[in-house]
Structure formats: C-alpha cells, structure tokens
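Colleague: Pasting query.cif below, which is mmCIF, C-alpha atoms.
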data_input
loop_
_atom_site.label_atom_id
_atom_site.label_comp_id
_atom_site.auth_asym_id
_atom_site.auth_seq_id
_atom_site.Cartn_x
_atom_site.Cartn_y
_atom_site.Cartn_z
CA MET T 1 278.86 229.18 185.55
CA ARG T 2 277.54 226.97 188.36
CA ASN T 3 274.93 229.60 189.21
CA ASN T 4 273.59 229.35 185.64
CA VAL T 5 273.15 225.56 185.69
CA PRO T 6 269.55 225.60 187.10
CA LEU T 7 268.51 228.19 184.52
CA ILE T 8 270.03 226.13 181.71
CA ILE T 9 268.15 223.03 182.93
CA VAL T 10 264.87 224.98 182.98
CA VAL T 11 265.42 226.26 179.43
CA VAL T 12 266.25 222.76 178.17
CA LEU T 13 263.12 221.27 179.76
CA LEU T 14 260.88 224.00 178.37
CA PHE T 15 262.42 223.63 174.92
CA ALA T 16 261.99 219.84 174.98
CA GLY T 17 258.36 220.21 176.05
CA ALA T 18 257.65 222.71 173.27
CA ILE T 19 259.29 220.48 170.66
CA ALA T 20 257.22 217.52 171.86
CA LEU T 21 254.01 219.53 171.59
CA LEU T 22 254.87 220.65 168.08
CA PHE T 23 256.12 217.42 166.55
CA LEU T 24 254.52 214.61 168.60
CA SER T 25 250.93 215.79 168.57
CA GLY T 26 249.67 213.51 165.79
CA GLY T 27 250.33 214.21 162.11
CA ASP T 28 247.32 212.17 160.97
CA ARG T 29 245.09 214.33 163.13
CA ARG T 30 246.39 217.53 161.56
CA LEU T 31 245.78 216.05 158.11
CA ASP T 32 242.23 214.99 159.05
CA ASN T 33 241.44 218.53 160.17
CA SER T 34 242.99 220.10 157.09
CA ILE T 35 241.25 221.27 153.95
CA ILE T 36 241.69 217.84 152.31
CA GLY T 37 240.87 215.84 155.47
CA MET T 38 237.82 213.74 156.29
CA ASN T 39 236.64 214.96 159.71
CA GLY T 40 233.82 216.89 158.06
CA LEU T 41 232.39 213.77 156.44
CA ALA T 42 232.38 211.83 159.71
CA ALA T 43 230.49 214.61 161.52
CA TRP T 44 228.10 215.13 158.59
CA LEU T 45 227.14 211.46 158.40
CA GLU T 46 226.47 211.26 162.14
CA GLU T 47 224.41 214.44 162.01
CA ASN T 48 222.21 212.93 159.30
CA GLY T 49 221.64 209.63 161.04
CA VAL T 50 224.11 207.54 159.04
CA ALA T 51 226.07 205.26 161.38
CA ALA T 52 229.75 206.02 160.88
CA ARG T 53 233.00 205.78 162.81
CA LYS T 54 236.32 207.44 162.13
CA SER T 55 239.55 205.50 162.58
CA HIS T 56 241.75 206.10 165.62
CA PRO T 57 245.42 205.08 165.67
CA ARG T 58 245.12 203.50 169.13
CA LEU T 59 241.91 201.52 168.47
CA SER T 60 241.59 198.25 166.56
CA PRO T 61 237.89 197.60 165.92
CA ASP T 62 236.44 194.34 164.71
CA VAL T 63 235.97 194.40 160.94
CA GLU T 64 232.59 192.72 161.39
CA GLU T 65 231.25 195.97 162.88
CA PHE T 66 231.43 197.72 159.48
CA THR T 67 229.67 197.42 156.18
CA LEU T 68 231.67 199.93 154.10
CA ARG T 69 235.11 201.52 154.27
CA VAL T 70 235.84 205.06 153.02
CA LEU T 71 239.56 205.09 152.23
CA PRO T 72 241.17 208.40 151.20
CA LEU T 73 244.65 208.12 149.67
CA TYR T 74 247.33 210.72 150.35
CA ASP T 75 250.10 208.74 148.63
CA VAL T 76 251.06 208.52 144.94
CA ASP T 77 253.58 205.67 145.35
CA LEU T 78 252.51 202.74 147.53
CA SER T 79 255.79 200.90 147.17
CA ARG T 80 258.11 203.32 148.97
CA GLU T 81 258.10 206.06 151.59
CA ALA T 82 258.20 209.64 150.42
CA ALA T 83 261.25 211.75 151.24
CA GLU T 84 260.90 214.48 153.86
CA PRO T 85 260.78 217.99 152.33
CA GLU T 86 264.05 219.88 152.80
CA ASN T 87 262.73 223.40 152.20
CA SER T 88 259.51 225.34 151.70
CA ALA T 89 259.51 224.68 147.96
CA ASP T 90 259.67 220.93 148.55
CA LEU T 91 256.85 221.22 151.10
CA ILE T 92 254.59 223.13 148.71
CA GLY T 93 255.16 220.52 145.99
CA GLN T 94 254.90 217.49 148.29
CA LYS T 95 252.57 214.90 146.71
CA THR T 96 252.43 212.40 149.58
CA GLN T 97 251.12 213.53 152.97
CA SER T 98 250.62 210.05 154.49
CA ASP T 99 252.51 206.96 153.34
CA ILE T 100 250.53 203.72 153.03
CA ASP T 101 252.07 200.36 152.19
CA VAL T 102 250.69 198.52 149.17
CA GLU T 103 250.09 195.39 151.27
CA ASP T 104 248.04 197.34 153.82
CA PHE T 105 246.07 198.96 150.99
CA ASN T 106 245.26 195.60 149.42
CA SER T 107 244.26 194.15 152.81
CA LYS T 108 241.92 197.06 153.43
CA ILE T 109 240.01 196.77 150.17
CA LEU T 110 239.93 192.96 150.57
CA GLU T 111 238.35 193.08 154.03
CA LEU T 112 235.41 195.34 153.19
CA PRO T 113 233.64 196.95 150.26
CA SER T 114 235.59 200.17 149.98
CA VAL T 115 235.27 203.64 148.51
CA VAL T 116 238.80 204.69 147.56
CA LEU T 117 239.42 208.42 147.06
CA LEU T 118 242.33 209.24 144.77
CA PRO T 119 244.87 211.89 145.82
CA LYS T 120 244.53 215.23 144.07
CA TRP T 121 246.26 218.06 145.95
CA THR T 122 249.83 218.69 147.08
CA THR T 123 250.69 219.94 150.56
CA GLY T 124 250.78 223.43 149.06
CA PHE T 125 246.97 223.43 149.03
CA ILE T 126 246.95 222.62 152.77
CA GLU T 127 249.54 225.26 153.62
CA THR T 128 248.18 228.11 151.49
CA GLY T 129 244.50 227.23 151.10
CA ILE T 130 244.77 228.21 147.44
CA ALA T 131 243.38 225.82 144.81
CA HIS T 132 245.73 226.44 141.88
CA GLU T 133 247.26 224.42 139.09
CA ARG T 134 250.57 224.50 140.99
CA THR T 135 248.99 222.85 144.02
CA LEU T 136 247.57 219.98 141.93
CA ILE T 137 249.35 216.65 141.66
CA GLY T 138 250.54 216.26 138.08
CA VAL T 139 248.57 213.83 135.91
CA GLY T 140 251.82 212.02 135.12
CA SER T 141 252.03 210.78 138.72
CA TYR T 142 248.92 208.57 138.43
CA PRO T 143 249.90 205.72 136.06
CA LEU T 144 252.29 204.26 138.68
CA LEU T 145 249.61 204.51 141.37
CA PHE T 146 247.00 202.88 139.10
CA ALA T 147 249.39 200.01 138.32
CA GLN T 148 250.05 199.44 142.04
CA MET T 149 246.30 199.30 142.68
CA GLY T 150 245.76 196.79 139.85
CA LEU T 151 244.16 199.30 137.49
CA ASN T 152 246.66 199.15 134.63
CA GLY T 153 245.82 201.37 131.68
CA LEU T 154 243.36 203.57 133.55
CA GLN T 155 243.74 207.24 132.67
CA LEU T 156 242.82 210.45 134.44
CA ARG T 157 241.52 213.56 132.78
CA ARG T 158 241.48 216.96 134.43
CA ARG T 159 239.47 220.00 133.48
CA GLY T 160 240.80 223.55 133.66
CA ALA T 161 240.65 226.13 136.43
CA ALA T 162 236.88 226.35 136.53
CA PHE T 163 233.95 224.93 138.46
CA THR T 164 232.16 221.94 136.96
CA SER T 165 228.56 221.58 138.17
CA ALA T 166 226.33 218.75 137.02
CA ARG T 167 224.10 215.95 138.29
CA PRO T 168 226.10 212.73 138.12
CA GLY T 169 224.29 209.97 136.31
CA PRO T 170 222.58 207.75 136.25
CA GLY T 171 219.83 209.05 138.51
CA GLY T 172 221.74 211.73 140.41
CA ALA T 173 219.35 213.86 142.45
CA ASN T 174 221.90 216.39 143.72
CA GLU T 175 224.15 218.61 141.68
CA VAL T 176 227.86 218.01 142.22
CA THR T 177 230.25 220.97 142.09
CA LEU T 178 233.99 220.45 141.64
CA PHE T 179 236.90 222.84 141.00
CA HIS T 180 239.64 221.58 138.70
CA ALA T 181 237.44 218.51 138.33
CA GLN T 182 239.23 215.26 137.52
CA THR T 183 237.51 212.17 136.08
CA PHE T 184 238.46 208.80 134.63
CA ALA T 185 238.64 208.50 130.87
CA PRO T 186 235.77 206.18 129.79
CA ASP T 187 237.82 204.54 127.04
CA SER T 188 240.56 203.50 129.51
CA LEU T 189 238.33 201.52 131.85
CA PRO T 190 239.69 198.02 132.72
CA ASP T 191 237.51 195.05 131.78
CA PHE T 192 236.68 194.18 135.39
CA CYS T 193 235.48 197.73 136.16
CA ALA T 194 232.11 199.28 135.41
CA ARG T 195 230.79 202.81 135.27
CA HIS T 196 229.06 203.84 138.46
CA LEU T 197 228.72 207.63 138.31
CA GLU T 198 229.33 209.79 135.26
CA LEU T 199 229.98 213.51 135.33
CA ASP T 200 229.90 215.70 132.25
CA GLY T 201 231.31 213.07 129.88
CA GLY T 202 233.82 211.60 132.33
CA LEU T 203 233.64 208.89 134.99
CA LEU T 204 233.51 210.20 138.55
CA VAL T 205 233.13 206.80 140.24
CA ILE T 206 233.91 203.33 138.90
CA ALA T 207 233.11 199.95 140.49
CA CYS T 208 235.77 197.25 140.11
CA GLU T 209 235.44 193.51 140.80
CA PHE T 210 238.86 192.05 141.62
CA GLU T 211 239.20 188.27 141.22
CA GLU T 212 240.11 187.57 144.85
CA HIS T 213 237.33 189.80 146.22
CA ASP T 214 233.71 188.84 146.85
CA HIS T 215 232.58 192.47 146.74
CA ALA T 216 233.06 195.57 144.61
CA THR T 217 235.64 198.29 145.27
CA TYR T 218 234.64 201.81 144.27
CA PHE T 219 237.24 204.29 143.06
CA VAL T 220 236.40 208.02 143.18
CA SER T 221 238.45 210.06 140.72
CA ASP T 222 238.02 213.38 142.57
CA PRO T 223 238.35 213.35 146.40
CA ASP T 224 236.67 216.76 146.61
CA LEU T 225 233.42 214.83 146.30
CA LEU T 226 233.73 213.83 149.99
CA ASN T 227 236.57 215.73 151.71
CA ASN T 228 236.37 218.82 153.94
CA HIS T 229 236.94 221.19 151.04
CA GLY T 230 234.46 219.54 148.69
CA LEU T 231 231.57 219.17 151.17
CA SER T 232 231.30 222.97 151.34
CA LEU T 233 230.69 223.27 147.57
CA GLY T 234 227.25 223.26 145.99
CA GLU T 235 225.12 220.26 146.92
CA ASN T 236 228.10 217.96 147.51
CA ALA T 237 227.19 217.38 151.16
CA ASP T 238 223.70 216.13 150.27
CA HIS T 239 225.13 214.03 147.46
CA ALA T 240 227.61 212.43 149.88
CA ILE T 241 224.75 211.22 152.09
CA ALA T 242 222.84 209.80 149.12
CA PHE T 243 225.93 208.23 147.54
CA LEU T 244 227.20 206.44 150.66
CA SER T 245 223.73 205.42 151.78
CA GLN T 246 223.21 203.77 148.38
CA LEU T 247 226.37 201.69 148.80
CA LYS T 248 225.58 200.81 152.43
CA PRO T 249 223.17 197.86 152.76
CA GLU T 250 220.19 198.06 155.10
CA THR T 251 222.03 197.12 158.25
CA THR T 252 222.97 198.54 161.62
CA LYS T 253 226.63 198.22 160.80
CA GLN T 254 228.71 201.36 160.45
CA ILE T 255 230.63 203.09 157.69
CA TYR T 256 234.32 203.10 158.59
CA ILE T 257 236.12 206.31 157.57
CA ASP T 258 239.65 204.96 157.50
CA THR T 259 242.23 207.76 157.36
CA SER T 260 245.04 205.77 158.98
CA PRO T 261 247.85 204.39 156.79
CA GLN T 262 248.06 201.35 159.08
CA LEU T 263 245.71 198.38 158.98
CA LEU T 264 243.80 198.87 162.23
CA THR T 265 240.83 196.56 161.78
CA ARG T 266 240.96 192.95 162.97
CA TYR T 267 238.88 189.81 162.95
CA GLU T 268 237.83 189.28 166.56
CA ALA T 269 237.28 185.54 166.16
CA VAL T 270 240.85 185.11 164.92
CA GLU T 271 242.25 187.32 167.68
CA GLU T 272 240.55 185.24 170.37
CA GLN T 273 242.35 182.13 169.12
CA ARG T 274 245.80 183.70 169.24
CA ARG T 275 248.04 182.70 172.15
CA ASP T 276 251.48 183.47 170.73
CA TYR T 277 251.57 187.20 171.40
CA LYS T 278 255.13 188.51 171.72
CA ARG T 279 256.12 191.90 173.01
CA SER T 280 258.42 194.08 170.97
CA GLY T 281 259.82 197.57 170.91
CA SER T 282 256.65 198.83 169.25
CA ASP T 283 254.74 198.16 172.47
CA LEU T 284 256.98 200.58 174.35
CA ALA T 285 256.79 203.08 171.50
CA ARG T 286 253.04 203.33 172.00
CA PHE T 287 253.64 205.13 175.30
CA PHE T 288 255.33 207.94 173.37
CA ALA T 289 252.92 208.11 170.44
CA TYR T 290 249.99 210.49 170.12
CA PRO T 291 247.97 211.23 172.24
CA LEU T 292 250.28 210.15 175.10
CA SER T 293 253.01 212.33 173.59
CA ILE T 294 250.96 215.37 174.63
CA LEU T 295 251.05 214.14 178.23
CA TRP T 296 254.83 213.73 178.16
CA ALA T 297 255.27 217.20 176.69
CA VAL T 298 253.09 218.80 179.37
CA MET T 299 254.96 216.87 182.08
CA LEU T 300 258.27 218.27 180.80
CA ILE T 301 256.92 221.81 180.93
CA VAL T 302 255.47 221.33 184.42
CA LEU T 303 258.77 219.83 185.59
CA ALA T 304 260.60 222.88 184.24
CA VAL T 305 258.28 225.24 186.11
CA LEU T 306 258.63 223.27 189.35
CA PHE T 307 262.41 223.15 188.99
CA TRP T 308 262.52 226.91 188.40
CA ARG T 309 260.30 227.57 191.39
CA GLY T 310 262.34 225.35 193.70
CA ALA T 311 265.90 225.90 192.48
CA ILE T 312 265.85 229.48 191.22
CA ARG T 313 262.99 231.45 192.70
CA PHE T 314 263.21 230.19 196.30
CA GLY T 315 266.66 228.61 196.17
CA PRO T 316 267.70 225.12 197.30
CA LEU T 317 266.45 223.47 200.48
CA GLU T 318 268.32 224.33 203.66
CA ARG T 319 270.44 221.60 205.23
CA GLU T 320 271.14 221.10 208.91
CA ASP T 321 274.83 221.72 208.31
CA ASP T 322 274.13 224.84 206.26
CA PRO T 323 276.68 227.51 207.28
CA SER T 324 273.96 230.18 207.12
CA ILE T 325 272.21 228.52 210.10
CA ASN T 326 275.42 228.51 212.11
CA GLN T 327 275.93 232.13 211.16
CA ALA T 328 272.45 232.94 212.45
CA LYS T 329 273.30 231.30 215.76
CA THR T 330 276.50 233.35 215.95
CA VAL T 331 274.49 236.51 215.33
CA ALA T 332 272.04 235.56 218.06
CA ILE T 333 274.87 234.99 220.55
CA ALA T 334 276.47 238.34 219.68
CA THR T 335 273.09 240.04 220.03
CA LYS T 336 272.59 238.54 223.45
CA ALA T 337 276.02 239.81 224.59
CA ARG T 338 275.23 243.28 223.32
CA LEU T 339 271.83 243.26 225.04
CA LEU T 340 273.36 242.23 228.34
CA ARG T 341 275.75 245.15 228.16
CA LEU T 342 272.91 247.48 227.30
CA SER T 343 270.84 246.32 230.23
CA GLU T 344 273.12 248.37 232.47
CA SER T 345 272.49 251.56 230.45
CA ASP T 346 269.57 253.90 230.34
CA GLY T 347 266.37 253.48 228.36
CA GLU T 348 267.24 255.97 225.62
CA MET T 349 270.24 253.89 224.53
CA VAL T 350 268.10 250.73 224.50
CA SER T 351 265.43 252.53 222.47
CA ASP T 352 267.95 253.76 219.89
CA PHE T 353 269.56 250.32 219.64
CA VAL T 354 266.28 248.46 219.03
CA ARG T 355 265.07 251.11 216.56
CA HIS T 356 268.33 250.92 214.61
CA GLN T 357 268.30 247.12 214.58
CA LEU T 358 264.69 247.01 213.35
CA SER T 359 265.56 249.49 210.61
CA GLU T 360 268.45 247.34 209.34
CA LEU T 361 266.35 244.16 209.60
CA THR T 362 263.60 245.83 207.53
CA ALA T 363 266.10 247.03 204.91
CA GLN T 364 267.59 243.55 204.55
CA THR T 365 264.13 242.02 204.10
CA LEU T 366 262.35 244.59 201.92
CA GLY T 367 265.11 246.74 200.47
CA PRO T 368 266.33 250.25 201.23
CA ASP T 369 265.20 251.87 204.47
CA LEU T 370 261.58 252.97 204.11
CA GLY T 371 261.09 254.41 207.57
CA ASP T 372 257.91 253.74 209.51
CA THR T 373 256.16 252.53 206.34
CA GLY T 374 258.85 249.94 205.76
CA LEU T 375 258.72 248.76 209.38
CA LYS T 376 254.94 248.32 209.08
CA ARG T 377 255.37 246.29 205.90
CA PHE T 378 258.05 244.17 207.60
CA PHE T 379 255.68 243.21 210.44
CA GLU T 380 252.92 242.45 207.88
CA HIS T 381 255.39 240.24 205.99
CA LEU T 382 256.35 238.49 209.22
CA SER T 383 252.69 238.10 210.21
CA ARG T 384 251.96 236.14 207.04
CA LYS T 385 254.55 233.60 208.14
CA ASP T 386 253.70 233.47 211.86
CA ALA T 387 251.02 235.83 213.13
CA GLU T 388 251.55 235.02 216.81
CA LEU T 389 255.32 235.56 216.66
CA ALA T 390 254.86 238.77 214.68
CA ALA T 391 252.43 240.18 217.24
CA ALA T 392 254.71 239.33 220.17
CA PHE T 393 257.83 240.72 218.49
CA ARG T 394 256.01 243.89 217.48
CA ASP T 395 254.70 244.37 221.02
CA ILE T 396 258.10 244.08 222.72
CA SER T 397 259.77 246.20 220.01
CA GLU T 398 257.26 249.02 220.52
CA ARG T 399 257.64 248.83 224.29
CA LEU T 400 261.42 249.13 224.05
CA THR T 401 261.40 251.92 221.44
CA LEU T 402 258.58 254.01 222.95
CA HIS T 403 258.68 253.36 226.69
CA ALA T 404 262.24 252.28 227.52
CA ASP T 405 263.06 255.66 229.08
CA ILE T 406 260.46 255.16 231.82
CA MET T 407 261.21 251.49 232.50
CA THR T 408 263.22 250.34 235.50
CA GLN T 409 266.48 248.44 235.13
CA THR T 410 264.70 245.20 235.98
CA GLU T 411 262.00 245.84 233.38
CA LEU T 412 264.63 246.73 230.79
CA SER T 413 266.56 243.55 231.53
CA LYS T 414 263.45 241.37 231.19
CA GLY T 415 262.30 243.25 228.10
CA LEU T 416 265.67 242.90 226.42
CA GLU T 417 265.80 239.18 227.25
CA ARG T 418 262.36 238.67 225.71
CA TYR T 419 263.38 240.78 222.70
CA ARG T 420 266.52 238.67 222.27
CA ASN T 421 264.54 235.39 222.37
CA LEU T 422 261.95 236.62 219.89
CA LEU T 423 264.65 238.08 217.62
CA GLU T 424 266.30 234.66 217.38
CA LYS T 425 262.98 233.10 216.31
CA VAL T 426 262.41 235.88 213.79
CA THR T 427 265.91 235.33 212.41
CA ARG T 428 265.26 231.66 211.84
CA LEU T 429 261.78 232.17 210.40
CA ASN T 430 262.72 235.04 208.13
CA GLY T 431 265.69 233.08 206.74
CA SER T 432 267.96 236.12 206.76
CA PRO T 433 271.48 235.32 207.93
CA GLY T 434 272.47 238.96 207.61
CA ILE T 435 270.80 240.37 210.73
CA PRO T 436 273.15 243.05 212.00
CA LYS T 437 275.66 241.76 214.48
CA THR T 438 275.87 243.41 217.84
CA ARG T 439 279.04 244.24 219.67
#
In structure tokens, write the structure found in this file.
Modeller:
Amino acid sequence: MRNNVPLIIVVVLLFAGAIALLFLSGGDRRLDNSIIGMNGLAAWLEENGVAARKSHPRLSPDVEEFTLRVLPLYDVDLSREAAEPENSADLIGQKTQSDIDVEDFNSKILELPSVVLLPKWTTGFIETGIAHERTLIGVGSYPLLFAQMGLNGLQLRRRGAAFTSARPGPGGANEVTLFHAQTFAPDSLPDFCARHLELDGGLLVIACEFEEHDHATYFVSDPDLLNNHGLSLGENADHAIAFLSQLKPETTKQIYIDTSPQLLTRYEAVEEQRRDYKRSGSDLARFFAYPLSILWAVMLIVLAVLFWRGAIRFGPLEREDDPSINQAKTVAIATKARLLRLSESDGEMVSDFVRHQLSELTAQTLGPDLGDTGLKRFFEHLSRKDAELAAAFRDISERLTLHADIMTQTELSKGLERYRNLLEKVTRLNGSPGIPKTR
C-alpha cells in the first residue's frame, strides 16, 4: 500500500486541477460567449467605430466614463437565487442563467441611461442550439419580473415559430429579423412609458421615465435584437449600430455592455473620499476567482507532474545513510579482494572475469544480456552521464578483456587496480547497488 501512496497523490492532484479548470473558469464568460451572450455586440461596435467597453468581473470603472449601459437580463426573478439544476431535464428548462439582485438592478438603471434586454431563452437553447418553443421561457414567467422592475401591468406577446421581418418604426432604415419574436402589448403600456420602436403591431422597445431618474430607461422586449444569435439574422447588426448610436449622445464617452450580475461601476470622486476600507473574506476569495482560478488549476497539474517525475519515475532522493550506498561500498570492497586474488593468476582468468562482470553490469542496467550490442549501449549510457569516466572505464576494460593474456603480472596488477577504482566510480554514478559481488 505504501508503494501506491505517491501514485494516489498524483491522481488526486491531477483530478483537483481538472475540476478547477472545469468549474472555476468563469461562468459569466461562458455565458457571454454563448448563443445568447453579448460578446458579438461588443466586437461589432468597436469594429464600426462606436466606443464601447464590456464589463469585467475584476474591474470597477468610473461610471462617468460611460454614456449608456446595455444591460441583458438572464434572470426571471430578481428577488431570489435560482436553484441549481439536479438533472439534464432541469438544465434544459432552466430559466435563470445569471442571478442579479433587484437592488443591483435598480442601481444600474439609476446610474446611467440603460438599454435593458429581457430574458427570452432557457439554458436548453444554449446547450442544444435549437430555437424551439420548449427552449423559450414561458410568457407566464414575466409578470413577476415586470412587477420587480416597476412595470406593473405590462404584458408580453409572442408570435409563433416563424421569422418576423420588418422595419421598426418610426423611421427604421434597417429591416429587423426575429424568430419567435416577442413584443410588448401596446395597450398594457404603463403611463410613464412611451413607445420607442414598433414592430409589426407590437412594441419592440419602450422608453420609461421613472420618478427618481433624470434619464430614460429603454426596455427591449426581444434580446435577439442585440445578442450573439440575433446579430447574425437579417440586417440586425446594422440596426444595432443605428439604434445604439441614436441613444448615445455626441460624446467621447463609451457604451458599457454590462453582463455582470454585480454592480461594478463606481463614482471615482466618492471613492477618493473613502478612508474606512475594511478587509473581509471576499478579498481573499478574489485570489481564487476567475481568472486566477485558472492559474491555481494549472499549478495543481504542474505539481502533480513534478511529483510523479520525482517520486515515481526517478524515485526519492538518496540520503547519506541510505543502505544502498553502504551496500555499494561493500560490493567495492569484495571486488577489490577478488581482484587481488586474481592478480596472481594468468591473463585468461582476468579476461574472463572482467568480461563476465561487464556482462552482468550491462544486464542490470539495460535488461537481459544483449552481448556486444548491449555492452556498447551500456558505455553510451554511461558516457551521457560522465564522458571522461566512460572513456577511461571502457579503455581499461578492453585492455583487460583483449590483451590480458600478454600482460605481465605487474601490468595485470596495475590494470586490475585501475579497473577496481573506476568500477567503484561507475557503481556510484550508475546508481546500481546490484553490481555482482566478487568472492
């Protein structure tokens, strides 16, 4: 079991890193890139020279930098958080993809003139890419949302499974194309709201003047007018430029495409006066939120690879009191004793001994005995670790195996002594405690 502990640690680290990559990589970002997201609008506005900036969860820009806020809603109940789906059926029917608090919503439309896009599609549309009646949010879900936004009595009408193409009036230059088009019912319009854009007998955009606001708030009945899916239909992309440019005064300020459920904007003048900043647990949580969560996930995976390489592939570090080192010393001593006894014998015995010892050393390093080919590979392997030692050891080994029979006793004695010294170095360098013992 103890031998499996390093492998278990590696698997746990890799699993934790994979989980972090999957679940901590920014849900808002995935929504923005989806079929109902707003990344397409941000890029399209910039491409056509309309100053725009998309929200980022880690940035808090000054509200004075913007002249208009585009605020898509992915929530049908601003007063409570939606429950997590328990199965695939719940996921397909999920109406809320991003919870926003009613107080944050009211603060957002109070700060800036805003274009609010109503929710339309369930998560099933994101997952399947199929625009179907079953992936539409039911009309009965909107009265509660309208009441929470202060639009009591407003009603939504939805057309059937067909494309509606028309020039919104008054004065629409581009034809708008919508599938399963939804519009506001003209006879349900609150007193403080006015018609802004009409589409085929219904109201596509209304402008509302709330008592506490000094600017209008625009509500778009069908988000496909501006989202990633809708911009690809008909002349919707050109209409988006004309529509937002009309609402944006002649100024260098930007349009703020606010897809975050949190209130990120701030008043810089107020922030400069604050001196009572207190740290809380949320400050620490930022280090584990996207995009830093990606860094932590990658670090876990790298740590797993390093641990595997050090603890499993190459084994643990050797210690000075490692018994394998003492065993190597014992082998070296036994080898020396054997060599001294051999120094009194003839060259053929020395040659056979060295050849046999090299064969066993090669087999222990590279596997089963491979003959001359294996011995050549062993010296190449040793050369990659220490070229000078490999050359010297190979030279003395060849002398003793090929020319020992013509060497004098003195030459044999010196050759064996040099062989013994080099063999001890090779033993330590090669890390093999199993060099054959001599007797």
Colleague: May I have a table of the residues of stretch 174-250 of chain T lying at most 8 Å from stretch 104-123 of chain T, giving each one's closest pair of atoms and their distance in Å to one decimal, counting all atoms listed in the file, ordered by chain and ascending residue number, as a Markdown table?
Modeller:
| residue | atom | partner | partner_atom | distance |
| --- | --- | --- | --- | --- |
| T:Glu212 | CA | T:Leu110 | CA | 7.9 |
| T:His213 | CA | T:Leu110 | CA | 6.0 |
| T:His215 | CA | T:Pro113 | CA | 5.8 |
| T:Ala216 | CA | T:Pro113 | CA | 5.8 |
| T:Thr217 | CA | T:Ser114 | CA | 5.1 |
| T:Tyr218 | CA | T:Val115 | CA | 4.7 |
| T:Phe219 | CA | T:Val116 | CA | 4.8 |
| T:Val220 | CA | T:Leu117 | CA | 4.9 |
| T:Ser221 | CA | T:Leu118 | CA | 5.7 |
| T:Asp222 | CA | T:Leu118 | CA | 6.4 |
| T:Pro223 | CA | T:Leu117 | CA | 5.1 |
Colleague: Between atom CA of T:Val205 and atom CA of T:Leu145, what is the distance in Å, rounded to a tenth?
Modeller: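 About the pair atom CA of T:Val205 and atom CA of T:Leu145: they are 16.7 Å apart.
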Colleague: Contacts of T:Ala173 at 10 Å or less, counting all atoms listed in the file, minus same-chain residues fewer than 5 places along, as a PyMOL selection string?
Modeller: chain T and resi 167-168+235+238-239+242
Colleague: If you count only C-alpha atoms, which residues fall within 12 Å of stretch 231-234 of chain T, apart from same-chain ones fewer than 2 positions away, as a PyMOL selection string?
Modeller: chain T and resi 35-45+163-167+174-179+223-229+236-241
Colleague: Between atom CA of T:Gly374 and atom CA of T:His356, what distance in Å does the model show, to one decimal?
Modeller: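 Computing the Euclidean distance for atom CA of T:Gly374 and atom CA of T:His356 yields 13.0 Å.
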Colleague: Can you list, as number ranges by chain, every protein, DNA or RNA residue that comes within 7 Å of stretch 62-77 of chain T when you count only C-alpha atoms, leaving out same-chain residues fewer than 4 positions away?
Modeller: T: 95-100, 112-119, 141-142, 144-145, 248, 253-259, 265-268
Colleague: Apply the PyMOL selection byres ((chain T and resi 186) around 9) to the file shown and report the selected residues as a list in words.
Modeller: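 Checking the PyMOL selection byres ((chain T and resi 186) around 9) against this file, the residues are Leu154, Gln155, Thr183, Phe184, Ala185, Asp187, Ser188, Leu189, Arg195, Gly201, Gly202 and Leu203 of chain T.
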Colleague: Just to confirm, what's the straight-line distance from atom CA of T:Ala404 to atom CA of T:Ser351 in Å (one decimal)?
Modeller: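 Atom CA of T:Ser351 lies at a distance of 6.0 Å from atom CA of T:Ala404.
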Colleague: Do a neighbour search on T:Phe393 at 12 Å with only C-alpha atoms, toss out local chain neighbours closer than 6 positions, and write the hits as an MDAnalysis selection string.
Modeller: chainID T and resid 354 358 378:380 382:383 386:387 399:400 415:427
Colleague: Rank T:Ser55, T:Arg134, T:Leu263, T:Trp296 by their smallest atom-to-atom distance to T:Gln94, using all atoms listed in the file, and report the top residue only.
Modeller: T:Arg134
Colleague: Might you spell out which residues the PyMOL selection byres ((chain T and resi 89) around 12) would select in the displayed file, as a list in words?
Modeller: Glu84, Pro85, Glu86, Asn87, Ser88, Asp90, Leu91, Ile92, Gly93, Gln94, Thr122, Thr123, Gly124, Glu127, Arg134 and Thr135 of chain T
Colleague: For the file shown, report as a PDB file with C-alpha atoms, in the frame of the given file the outcome of the PyMOL selection byres ((chain T and resi 407) around 12) at residue level.
Modeller:
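Result file part_18.pdb:
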ATOM      1  CA  SER T 343     270.840 246.320 230.230  1.00  0.00           C
ATOM      2  CA  SER T 345     272.490 251.560 230.450  1.00  0.00           C
ATOM      3  CA  ASP T 346     269.570 253.900 230.340  1.00  0.00           C
ATOM      4  CA  GLY T 347     266.370 253.480 228.360  1.00  0.00           C
ATOM      5  CA  GLU T 348     267.240 255.970 225.620  1.00  0.00           C
ATOM      6  CA  VAL T 350     268.100 250.730 224.500  1.00  0.00           C
ATOM      7  CA  SER T 351     265.430 252.530 222.470  1.00  0.00           C
ATOM      8  CA  ARG T 399     257.640 248.830 224.290  1.00  0.00           C
ATOM      9  CA  LEU T 400     261.420 249.130 224.050  1.00  0.00           C
ATOM     10  CA  THR T 401     261.400 251.920 221.440  1.00  0.00           C
ATOM     11  CA  LEU T 402     258.580 254.010 222.950  1.00  0.00           C
ATOM     12  CA  HIS T 403     258.680 253.360 226.690  1.00  0.00           C
ATOM     13  CA  ALA T 404     262.240 252.280 227.520  1.00  0.00           C
ATOM     14  CA  ASP T 405     263.060 255.660 229.080  1.00  0.00           C
ATOM     15  CA  ILE T 406     260.460 255.160 231.820  1.00  0.00           C
ATOM     16  CA  THR T 408     263.220 250.340 235.500  1.00  0.00           C
ATOM     17  CA  GLN T 409     266.480 248.440 235.130  1.00  0.00           C
ATOM     18  CA  THR T 410     264.700 245.200 235.980  1.00  0.00           C
ATOM     19  CA  GLU T 411     262.000 245.840 233.380  1.00  0.00           C
ATOM     20  CA  LEU T 412     264.630 246.730 230.790  1.00  0.00           C
ATOM     21  CA  SER T 413     266.560 243.550 231.530  1.00  0.00           C
ATOM     22  CA  LYS T 414     263.450 241.370 231.190  1.00  0.00           C
ATOM     23  CA  GLY T 415     262.300 243.250 228.100  1.00  0.00           C
ATOM     24  CA  LEU T 416     265.670 242.900 226.420  1.00  0.00           C
TER      25      LEU T 416
END
Colleague: Which residue out of T:Gln148, T:Asp191, T:Leu204, T:Val139 has the minimum interatomic distance to T:Arg80 when all atoms listed in the file are used?
Modeller: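 Checking each candidate against T:Arg80, we get T:Gln148 as the closest.
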Colleague: Of the residues T:Arg157, T:Arg58, T:His196, T:Arg53, which is the one nearest to T:Phe287, using only C-alpha atoms?
Modeller: T:Arg58
Colleague: Contacts of T:Leu264 at 8 Å or less, counting all atoms listed in the file, minus same-chain residues fewer than 2 places along, as a list in words?
Modeller: Ser55, Pro57, Leu59, Ser60, Pro61, Ser260, Gln262 and Arg266 of chain T
